[in-house]
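A short worksheet on the structure shown next.
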Amino acid sequence: MKIALCSSFVPFIKGGGRNIVDWLKPVLEEAGHEVEIVYLPQVDTPDLLFQQMMAYRWIDLERADRIVCFRPQAHVMHHHHKILWFIHHIRAFYDLWDSPYRGFPDDARHRGIREALHAADTAALREAKAIFTNSKVVSNRLKTYNAVDGEVLFPPVFEPGRFRCSGFNDEIVCISRLEHHKRQHLLIEALGYTKTPVRLRLSGASSDNAYPNELVARAARLGLGDRVIIGNSWITEEEKVEQLAACLATAYLPLDEDSYGYPSVESSHASKPILTTFDSGGVLELVQDGINGYVAEPSPAAIGEAMDRLYTDRARTEAMGRNARDRLVELNISWSHVLQRLLA
Amino acid sequence: MKILIVHTMTPFQRTETDELAARLEKALIIAGHESEALRIPFQWEPADRITSQMLMVRAFELWNVDHVIAMGFPAFLIRHPKKTLWVLGYEHGHDLIDGNGVVNRPPDGEASELRMLIRNAENESFRESRRILVGAETTRQYLLEHNQVDAKVLVPPAGGADSRGDWSPIIEVLLR
Amino acid sequence: MKLVIFTPAKKVSSIGGCCALVSQELVAQGHEVTIVRTEIEGLLKSETHHFGAPVLPWTRTHQVTRVAEDADVLIYQIGDNYDFHKGGLEWLAALPGIVILHDFFLGHLFRAWSDSNRARGVEIVRAWYGEEMVKPFLTHSAPETFIEETKDRAPMIEWVCAMAHAVITHSSWGCERVVNSCAGPVRVVPLTYNKNLGSSLPGGMVYRPPGEKFAILTIGHVNANKRVESVIRALGTSPLLGGHSRYRLVGAIKPETATALTRLAKENGVDLVVSGEVDDGALLRAIEESDVISCLRLPSLEAASGSLVEALLNGKPTIVTDTGFYREIPSSCVMKIRPDNEVADIRSALEALFSDPAQREAMAAEGQRWALQTFTTENYVRELIHTIKDTMKTKPILNAVTYFSRVLAHWSADYDATGNEAIMEPLTIFGSSG
């Protein structure tokens, strides 16, 4: 079958929105399909939304037997067999309207754009032969705002077979971009509250140096010394596999994230429990407190206490690691399941 | 510098342009730039979809891009303040819809209307580009005759992108 | 919301009067309103209605531009009178907005405007109606002839509606041309009227001493379209009414018209009183003293009739022509006169009303009740806000369409995108405006 994977992008910015597309391609090819990836530009400027949406409507992919669309505005594309793997709305006009992230005034003009966008999105969603989402959070939003159902299809990670467990050292690792909303600062503060010699390693690049510098300064202020390693650079996939294989547990506590986040799935593949917080959004669809990780209150003291427990109660930590791996099966997080659903 | 290569692609078909764009992308990265390709699906057939696809390209918004190198119609209609055109092996729109050896021929009246539309769009894009480069003397002659544009010939280097020596003068011209 | 309303503001403008009610209500609901008055230069100093909002003349370009740029929405009151709407037209062309259309015929407005925009005017008529309709607009024929020549085939509604982001009008009979020319939403909203105008007596019935004549009244500028002649003929042929009725005309009238009508009344033995133009107090008294109000109109070109609403609100039995806006009034509220059987219908209607005071009273009460609940400012403002919201929702789509039209116009002067299915068909998900 000829399958086009369609999404939008901002040139030179990599991220989760591209992984789901790029990782699906080889899997489909291996299954014998011809795959074309179509990334087209999209900016969220309110006054330019509709001309861009119309442009997406004119893309001619009739040569494809079906198209799978990911990031907006790819979902508005016009095709006789359109499948959506919907990963988010243009959130400023949806769930982030009443938040500081809106970025434009709440006035009659923007309300008009919001109304028009909701109507167009709903119409575009209804054209799809099937709608999948990357999380329950996103499915719930589709239901709330567009009155359509989306089946949760958790995106697996790239070549999950690479990940393994070689033991449990003293280190909790957090492999993720160093960004304020990923809240690595909470982990550093928490380490200041621990009573055991548990250690922390932050691995990931940042869009600028302000946040990493702040993290370093914070660690110094708390006198954490070599108990924390802040690596402000992108680590290779091999390094990632090694760090996950050897660590005690992983931590991933973004603020209200849409999906469970690749770091927590990778951690599960390496049979390592995940430390998160109850306000981390989609991560909680994967992590169950005391079963495959800890769900702490988002305060340094509570997180520090959970870090100590991971360190002290090794037997439980290891058991939770095994559960983490089982949880992937339970949630059907696998490429074979993805193919089966997308090609149904 | 963040350099976006914008080119036309035929879905499920690997063309020479794809190859060349990939080589250029690699060469630009070797030369110390960030580079990525924007591949825009486009087909000449059926003819009545040409206009909507031209409008589509014109409506795309580029952000986070310092320089655009655009290859081929209608990819070079994309809007960007720093745009260099590199027209290679261009199957010229005028010819195609004229029916010169090509099957895609709309009814006569529409053909001339469409031809005029394409030519005006090309000219608009030529006017707003910093430089217009072509891959061969024949293309230069063609643009001179049909669009009254005097392009410079810039022949892409043969072989792989790994040889820095081959590409550096080309990149120097493309980014000038 | 911040609204700028372009309207005639002069005291005698009934559009201005409606607009004042709307403006006051909007302000009471917490909206910010600025009035830009639109009369021709010579009338801009006249006394205005009370809008409860600042009033600017349309000629103050900088100030108007500033408030318009700051506003959420621009609203234009448009009727068929150039002296009142000149400024509205000028600004509508520059800064489009929502049009409130008061007439389904804008020929006079257009003809006066095109006096100083001749070439453009000819182009507009030709584009909407074809070459053969150009002539009536160039030759200055008499008003009746001009209306007759143009009302059906070139009413010039499209010219204004095509400039509008949305149109509100007050009855549906003329809407087809509106819908065909305005790319945005079109909404029919009953006119608003000041219900406090009503008479002091319940049901509007006035105690009439025995022996007093049956009083019939026609209000407004006396033109042929008010059918005064037909009323006189009907009274003249009715033995029942002949000696027992008095017919009064209140409103501006040309001396020659007054003479002709007086002569006709005399010939028909009808007691006719021509009062001419009177002030508001005298008008109200005239309404109060009447037994029946004649709101006949033929041809009928307005989207709604202020005098009919006024008659109904005052609890007066009313006869209307069965056409246009009047046809849309419930039959229990008025008596409808068929245009093709006019004199006979008027006669039997008036006779029935004369001889059956109970029916007269019941119809008037029903008309008043209906008018009170229909022509309310609250309803008008609610519908206006709905229309604004609808317009705001359509606008981003129209803006995008405009963007592409401009791109295409750059590429080809006469390319017709609407004929290209590959362009249009995918856009249908954006609604009818796509």
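For the structure tokens, the naming scheme is as follows: chains receive sequential letters (A, B, ...) according to their order of presentation, residues are indexed from 1 within each chain, and ligands are indexed from 1 in presentation order.
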
Within 12 Å of chain C, which residues of chain B show up? Give each one with its shortest atom-to-atom distance in Å (one decimal) and the two atoms involved, counting only C-alpha atoms, rows by chain then rising residue number, as CSV.
residue,atom,partner,partner_atom,distance
B:Glu45,CA,C:Ala422,CA,11.9
B:Pro46,CA,C:Ala422,CA,9.8
B:Ala47,CA,C:Ala422,CA,9.8
B:Asp48,CA,C:Ala422,CA,6.5
B:Arg49,CA,C:Ala422,CA,5.5
B:Ile50,CA,C:Ala422,CA,8.7
B:Thr51,CA,C:Ile423,CA,7.6
B:Ser52,CA,C:Ile423,CA,5.2
B:Gln53,CA,C:Ile423,CA,8.7
B:Met54,CA,C:Leu408,CA,9.7
B:Leu55,CA,C:Phe404,CA,6.9
B:Met56,CA,C:Phe404,CA,9.3
B:Val57,CA,C:Phe404,CA,11.3
B:Arg58,CA,C:Val407,CA,8.2
B:Ala59,CA,C:Phe404,CA,8.2
B:Phe60,CA,C:Phe404,CA,12.0
B:Leu77,CA,C:Val407,CA,11.1
B:Arg79,CA,C:Val407,CA,11.9
B:Gly109,CA,C:Tyr415,CA,11.8
B:Glu110,CA,C:Tyr415,CA,9.9
B:Ser112,CA,C:Ser412,CA,11.3
B:Glu113,CA,C:Tyr415,CA,7.6
B:Leu114,CA,C:Tyr415,CA,8.7
B:Arg115,CA,C:Ser412,CA,10.0
B:Met116,CA,C:Ser412,CA,7.1
B:Leu117,CA,C:Trp411,CA,5.1
B:Ile118,CA,C:Trp411,CA,7.4
B:Arg119,CA,C:Trp411,CA,8.0
B:Asn120,CA,C:Trp411,CA,5.0
B:Ala121,CA,C:Trp411,CA,5.3
B:Glu122,CA,C:Trp411,CA,8.9
B:Asn123,CA,C:Trp411,CA,9.1
B:Glu124,CA,C:Trp411,CA,8.1
B:Ser125,CA,C:Trp411,CA,10.6

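Proximity to chain A at a cut-off of 7 Å picks out Met1, Asp72, Lys389, Met392, Lys393, Thr394, Pro396, Ile397, Ala400, Pro426, Leu427, Ile429 and Phe430 of chain C on chain C, counting only C-alpha atoms.
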
Contacts of A:Leu96 at 12 Å (only C-alpha atoms; same-chain gap of 5+ positions) as a PyMOL selection string: chain A and resi 88-91+101-104+106+114+141+256+258

Using only C-alpha atoms, which residues sit within 12 Å of A:Lys14 once same-chain residues fewer than 3 positions away are excluded, as number ranges by chain? A: 8-11, 17-22, 177, 205-207, 234; B: 36

Which of these residues is nearest to chain A, using only C-alpha atoms: B:Val134, B:Ala22, B:Ile40, B:Leu88?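 Of B:Val134, B:Ala22, B:Ile40, B:Leu88, the one nearest chain A is B:Ile40, counting only C-alpha atoms.
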
Where does DSSP see helix (DSSP H, G or I) in stretch 210-284 of chain C, if you list the residues as a ChimeraX atom specification? /C:224-226,228-236,239-242,255-268,280-284

Now that the selection is made, can you save its residues with C-alpha atoms as a short mmCIF file (atom, residue, chain, number, x, y, z; two decimals), in the first residue's frame?
data_model
loop_
_atom_site.label_atom_id
_atom_site.label_comp_id
_atom_site.auth_asym_id
_atom_site.auth_seq_id
_atom_site.Cartn_x
_atom_site.Cartn_y
_atom_site.Cartn_z
CA ALA C 224 -48.26 58.45 -4.82
CA ASN C 225 -47.07 55.26 -3.15
CA LYS C 226 -49.12 56.03 0.00
CA VAL C 228 -54.19 58.43 -0.75
CA GLU C 229 -56.16 58.63 -3.99
CA SER C 230 -57.40 55.08 -3.58
CA VAL C 231 -58.55 55.76 -0.03
CA ILE C 232 -60.46 58.83 -1.24
CA ARG C 233 -62.11 56.81 -4.02
CA ALA C 234 -63.03 54.03 -1.61
CA LEU C 235 -64.63 56.48 0.80
CA GLY C 236 -66.39 58.21 -2.08
CA PRO C 239 -72.69 55.14 1.23
CA LEU C 240 -71.96 53.84 4.72
CA LEU C 241 -68.82 55.92 5.24
CA GLY C 242 -69.37 58.83 2.89
CA PRO C 255 -48.72 72.26 -2.72
CA GLU C 256 -49.71 70.81 -6.12
CA THR C 257 -50.32 67.40 -4.57
CA ALA C 258 -52.44 68.99 -1.84
CA THR C 259 -54.49 70.87 -4.45
CA ALA C 260 -55.04 67.79 -6.59
CA LEU C 261 -56.05 65.61 -3.65
CA THR C 262 -58.38 68.27 -2.28
CA ARG C 263 -60.06 68.52 -5.66
CA LEU C 264 -60.43 64.74 -5.89
CA ALA C 265 -61.93 64.59 -2.39
CA LYS C 266 -64.42 67.26 -3.26
CA GLU C 267 -65.48 65.43 -6.42
CA ASN C 268 -66.00 62.27 -4.35
CA ASP C 280 -43.99 65.25 17.36
CA GLY C 281 -46.66 66.30 19.85
CA ALA C 282 -49.19 67.13 17.14
CA LEU C 283 -48.40 63.89 15.34
CA LEU C 284 -49.03 61.89 18.48
#

Run DSSP on the backbone and tell me which residues of stretch 29-159 of chain B come out as strand (DSSP E); list them as a PyMOL selection string. chain B and resi 34-41+67-71+83-87+131-134+152-153

If we count only C-alpha atoms and set the cut-off at 10 Å, which residues sit around A:Phe278, ignoring sequence neighbours fewer than 2 positions away in its own chain? Please answer as a list in words.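 Near A:Phe278, the qualifying residues are Leu253, Leu255, Asp256, Thr276, Ser280, Gly281, Gly282, Val283, Leu284, Val287, Asp289, Tyr294, Val295, Ala296, Glu297 and Pro298 of chain A.
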
Take the residues from that selection and put them in a file with N, CA, C and O atoms, as a PDB file, in the first residue's frame.
ATOM      1  N   LEU A 253       8.853  14.535  35.207  1.00  0.00           N
ATOM      2  CA  LEU A 253       7.726  15.240  35.823  1.00  0.00           C
ATOM      3  C   LEU A 253       7.397  16.564  35.138  1.00  0.00           C
ATOM      4  O   LEU A 253       7.416  17.622  35.755  1.00  0.00           O
ATOM      5  N   LEU A 255       5.137  19.528  33.490  1.00  0.00           N
ATOM      6  CA  LEU A 255       3.891  20.122  33.973  1.00  0.00           C
ATOM      7  C   LEU A 255       2.780  19.836  32.960  1.00  0.00           C
ATOM      8  O   LEU A 255       2.853  20.269  31.811  1.00  0.00           O
ATOM      9  N   ASP A 256       1.789  19.086  33.400  1.00  0.00           N
ATOM     10  CA  ASP A 256       0.583  18.824  32.614  1.00  0.00           C
ATOM     11  C   ASP A 256       0.837  18.531  31.135  1.00  0.00           C
ATOM     12  O   ASP A 256       0.326  19.205  30.248  1.00  0.00           O
ATOM     13  N   THR A 276       7.264  10.330  39.067  1.00  0.00           N
ATOM     14  CA  THR A 276       6.572  11.472  38.453  1.00  0.00           C
ATOM     15  C   THR A 276       5.725  12.177  39.508  1.00  0.00           C
ATOM     16  O   THR A 276       5.815  11.840  40.698  1.00  0.00           O
ATOM     17  N   SER A 280       1.424  15.833  36.323  1.00  0.00           N
ATOM     18  CA  SER A 280       2.193  15.691  35.084  1.00  0.00           C
ATOM     19  C   SER A 280       1.351  15.277  33.876  1.00  0.00           C
ATOM     20  O   SER A 280       1.878  14.957  32.819  1.00  0.00           O
ATOM     21  N   GLY A 281       0.061  15.245  34.020  1.00  0.00           N
ATOM     22  CA  GLY A 281      -0.825  15.017  32.870  1.00  0.00           C
ATOM     23  C   GLY A 281      -0.748  13.598  32.339  1.00  0.00           C
ATOM     24  O   GLY A 281      -0.942  12.620  33.080  1.00  0.00           O
ATOM     25  N   GLY A 282      -0.450  13.476  31.043  1.00  0.00           N
ATOM     26  CA  GLY A 282      -0.489  12.184  30.353  1.00  0.00           C
ATOM     27  C   GLY A 282       0.431  11.127  30.940  1.00  0.00           C
ATOM     28  O   GLY A 282       0.192   9.927  30.767  1.00  0.00           O
ATOM     29  N   VAL A 283       1.490  11.525  31.644  1.00  0.00           N
ATOM     30  CA  VAL A 283       2.413  10.549  32.245  1.00  0.00           C
ATOM     31  C   VAL A 283       1.637   9.600  33.171  1.00  0.00           C
ATOM     32  O   VAL A 283       1.961   8.425  33.290  1.00  0.00           O
ATOM     33  N   LEU A 284       0.589  10.139  33.775  1.00  0.00           N
ATOM     34  CA  LEU A 284      -0.190   9.335  34.728  1.00  0.00           C
ATOM     35  C   LEU A 284      -1.037   8.264  34.040  1.00  0.00           C
ATOM     36  O   LEU A 284      -1.583   7.393  34.704  1.00  0.00           O
ATOM     37  N   VAL A 287       2.005   5.670  34.436  1.00  0.00           N
ATOM     38  CA  VAL A 287       2.570   5.382  35.754  1.00  0.00           C
ATOM     39  C   VAL A 287       1.474   5.273  36.815  1.00  0.00           C
ATOM     40  O   VAL A 287       0.638   6.163  36.953  1.00  0.00           O
ATOM     41  N   ASP A 289       0.948   4.712  40.894  1.00  0.00           N
ATOM     42  CA  ASP A 289       1.720   4.918  42.119  1.00  0.00           C
ATOM     43  C   ASP A 289       1.953   3.613  42.860  1.00  0.00           C
ATOM     44  O   ASP A 289       1.013   2.883  43.157  1.00  0.00           O
ATOM     45  N   TYR A 294       6.617   5.936  41.248  1.00  0.00           N
ATOM     46  CA  TYR A 294       5.969   6.702  42.300  1.00  0.00           C
ATOM     47  C   TYR A 294       5.352   7.963  41.720  1.00  0.00           C
ATOM     48  O   TYR A 294       5.955   8.633  40.891  1.00  0.00           O
ATOM     49  N   VAL A 295       4.128   8.256  42.175  1.00  0.00           N
ATOM     50  CA  VAL A 295       3.483   9.508  41.776  1.00  0.00           C
ATOM     51  C   VAL A 295       3.469  10.399  43.015  1.00  0.00           C
ATOM     52  O   VAL A 295       2.689  10.181  43.941  1.00  0.00           O
ATOM     53  N   ALA A 296       4.365  11.373  43.031  1.00  0.00           N
ATOM     54  CA  ALA A 296       4.529  12.200  44.225  1.00  0.00           C
ATOM     55  C   ALA A 296       3.769  13.511  44.095  1.00  0.00           C
ATOM     56  O   ALA A 296       3.388  13.920  42.994  1.00  0.00           O
ATOM     57  N   GLU A 297       3.600  14.156  45.239  1.00  0.00           N
ATOM     58  CA  GLU A 297       3.094  15.533  45.226  1.00  0.00           C
ATOM     59  C   GLU A 297       4.202  16.391  44.593  1.00  0.00           C
ATOM     60  O   GLU A 297       5.383  16.128  44.806  1.00  0.00           O
ATOM     61  N   PRO A 298       3.834  17.411  43.801  1.00  0.00           N
ATOM     62  CA  PRO A 298       4.894  18.167  43.112  1.00  0.00           C
ATOM     63  C   PRO A 298       5.631  19.136  44.030  1.00  0.00           C
ATOM     64  O   PRO A 298       5.703  20.333  43.748  1.00  0.00           O
TER      65      PRO A 298
END

6 Å contact set for B:Val153, only C-alpha atoms, chain neighbours under 6 positions out, as JSON, numbers by chain: {"B": [133, 134, 135, 136]}

Now that the selection is made, can you save its residues with all heavy atoms as an mmCIF file, in the first residue's frame?
data_model
loop_
_atom_site.group_PDB
_atom_site.id
_atom_site.type_symbol
_atom_site.label_atom_id
_atom_site.label_comp_id
_atom_site.auth_asym_id
_atom_site.auth_seq_id
_atom_site.Cartn_x
_atom_site.Cartn_y
_atom_site.Cartn_z
ATOM 1 N N LEU B 133 19.321 31.550 -10.396
ATOM 2 C CA LEU B 133 20.373 30.711 -10.957
ATOM 3 C C LEU B 133 19.726 29.564 -11.702
ATOM 4 O O LEU B 133 18.644 29.109 -11.316
ATOM 5 C CB LEU B 133 21.259 30.177 -9.833
ATOM 6 C CG LEU B 133 21.845 31.284 -8.948
ATOM 7 C CD1 LEU B 133 22.278 30.743 -7.600
ATOM 8 C CD2 LEU B 133 22.995 31.983 -9.659
ATOM 9 N N VAL B 134 20.377 29.102 -12.759
ATOM 10 C CA VAL B 134 19.837 27.969 -13.511
ATOM 11 C C VAL B 134 20.927 26.925 -13.678
ATOM 12 O O VAL B 134 22.124 27.245 -13.574
ATOM 13 C CB VAL B 134 19.311 28.408 -14.894
ATOM 14 C CG1 VAL B 134 18.061 29.260 -14.751
ATOM 15 C CG2 VAL B 134 20.381 29.128 -15.679
ATOM 16 N N GLY B 135 20.495 25.714 -13.927
ATOM 17 C CA GLY B 135 21.444 24.615 -13.985
ATOM 18 C C GLY B 135 22.097 24.441 -15.348
ATOM 19 O O GLY B 135 23.096 23.723 -15.475
ATOM 20 N N ALA B 136 21.556 25.096 -16.382
ATOM 21 C CA ALA B 136 22.109 24.853 -17.720
ATOM 22 C C ALA B 136 21.838 26.054 -18.629
ATOM 23 O O ALA B 136 20.902 26.823 -18.396
ATOM 24 C CB ALA B 136 21.466 23.602 -18.324
#

Within 12 Å of C:Cys19, counting only C-alpha atoms, which residues qualify if same-chain residues fewer than 6 places away don't, as a PDB file with C-alpha atoms, in the first residue's frame?
ATOM      1  CA  VAL C   4     -18.748  52.202  15.942  1.00  0.00           C
ATOM      2  CA  ILE C   5     -22.125  52.894  14.372  1.00  0.00           C
ATOM      3  CA  PHE C   6     -22.380  54.994  11.222  1.00  0.00           C
ATOM      4  CA  THR C   7     -25.857  56.491  11.098  1.00  0.00           C
ATOM      5  CA  PRO C   8     -27.792  59.624  10.316  1.00  0.00           C
ATOM      6  CA  ALA C   9     -28.229  61.363  13.660  1.00  0.00           C
ATOM      7  CA  LYS C  10     -30.517  64.270  12.780  1.00  0.00           C
ATOM      8  CA  LYS C  11     -33.727  64.494  14.809  1.00  0.00           C
ATOM      9  CA  SER C  13     -34.250  60.695  10.781  1.00  0.00           C
ATOM     10  CA  GLU C  25     -29.367  49.700  25.115  1.00  0.00           C
ATOM     11  CA  LEU C  26     -25.856  48.650  24.038  1.00  0.00           C
ATOM     12  CA  VAL C  33     -20.369  52.812  21.414  1.00  0.00           C
ATOM     13  CA  THR C  34     -19.235  55.659  19.200  1.00  0.00           C
ATOM     14  CA  ILE C  35     -21.666  57.222  16.746  1.00  0.00           C
ATOM     15  CA  VAL C  36     -20.366  58.559  13.445  1.00  0.00           C
ATOM     16  CA  ARG C  37     -23.087  60.673  11.877  1.00  0.00           C
ATOM     17  CA  THR C  48     -29.257  64.954  17.053  1.00  0.00           C
ATOM     18  CA  HIS C  49     -31.143  62.125  18.686  1.00  0.00           C
ATOM     19  CA  HIS C  50     -29.931  61.120  22.113  1.00  0.00           C
ATOM     20  CA  PHE C  51     -27.557  58.182  21.604  1.00  0.00           C
ATOM     21  CA  GLY C  52     -26.011  58.005  25.058  1.00  0.00           C
ATOM     22  CA  ALA C  53     -22.649  57.855  23.267  1.00  0.00           C
ATOM     23  CA  ILE C  75     -21.936  48.998  11.803  1.00  0.00           C
ATOM     24  CA  TYR C  76     -23.447  50.966   8.935  1.00  0.00           C
ATOM     25  CA  GLN C  77     -27.084  52.078   8.804  1.00  0.00           C
ATOM     26  CA  ILE C  78     -27.964  52.333   5.123  1.00  0.00           C
ATOM     27  CA  ILE C 100     -28.140  47.410   8.536  1.00  0.00           C
ATOM     28  CA  HIS C 102     -33.401  49.753   5.777  1.00  0.00           C
ATOM     29  CA  LEU C 191     -37.209  46.840  13.648  1.00  0.00           C
ATOM     30  CA  THR C 192     -36.879  48.411  17.038  1.00  0.00           C
ATOM     31  CA  TYR C 193     -39.209  51.139  18.065  1.00  0.00           C
ATOM     32  CA  ASN C 194     -39.774  53.280  21.102  1.00  0.00           C
ATOM     33  CA  THR C 377     -34.908  47.091  21.547  1.00  0.00           C
ATOM     34  CA  TYR C 380     -32.917  43.975  18.423  1.00  0.00           C
ATOM     35  CA  VAL C 381     -29.732  44.266  20.445  1.00  0.00           C
ATOM     36  CA  LEU C 384     -27.359  42.417  16.653  1.00  0.00           C
TER      37      LEU C 384
END

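Between atom CA of A:Pro160 and atom CA of A:His269 the separation is 6.6 Å.
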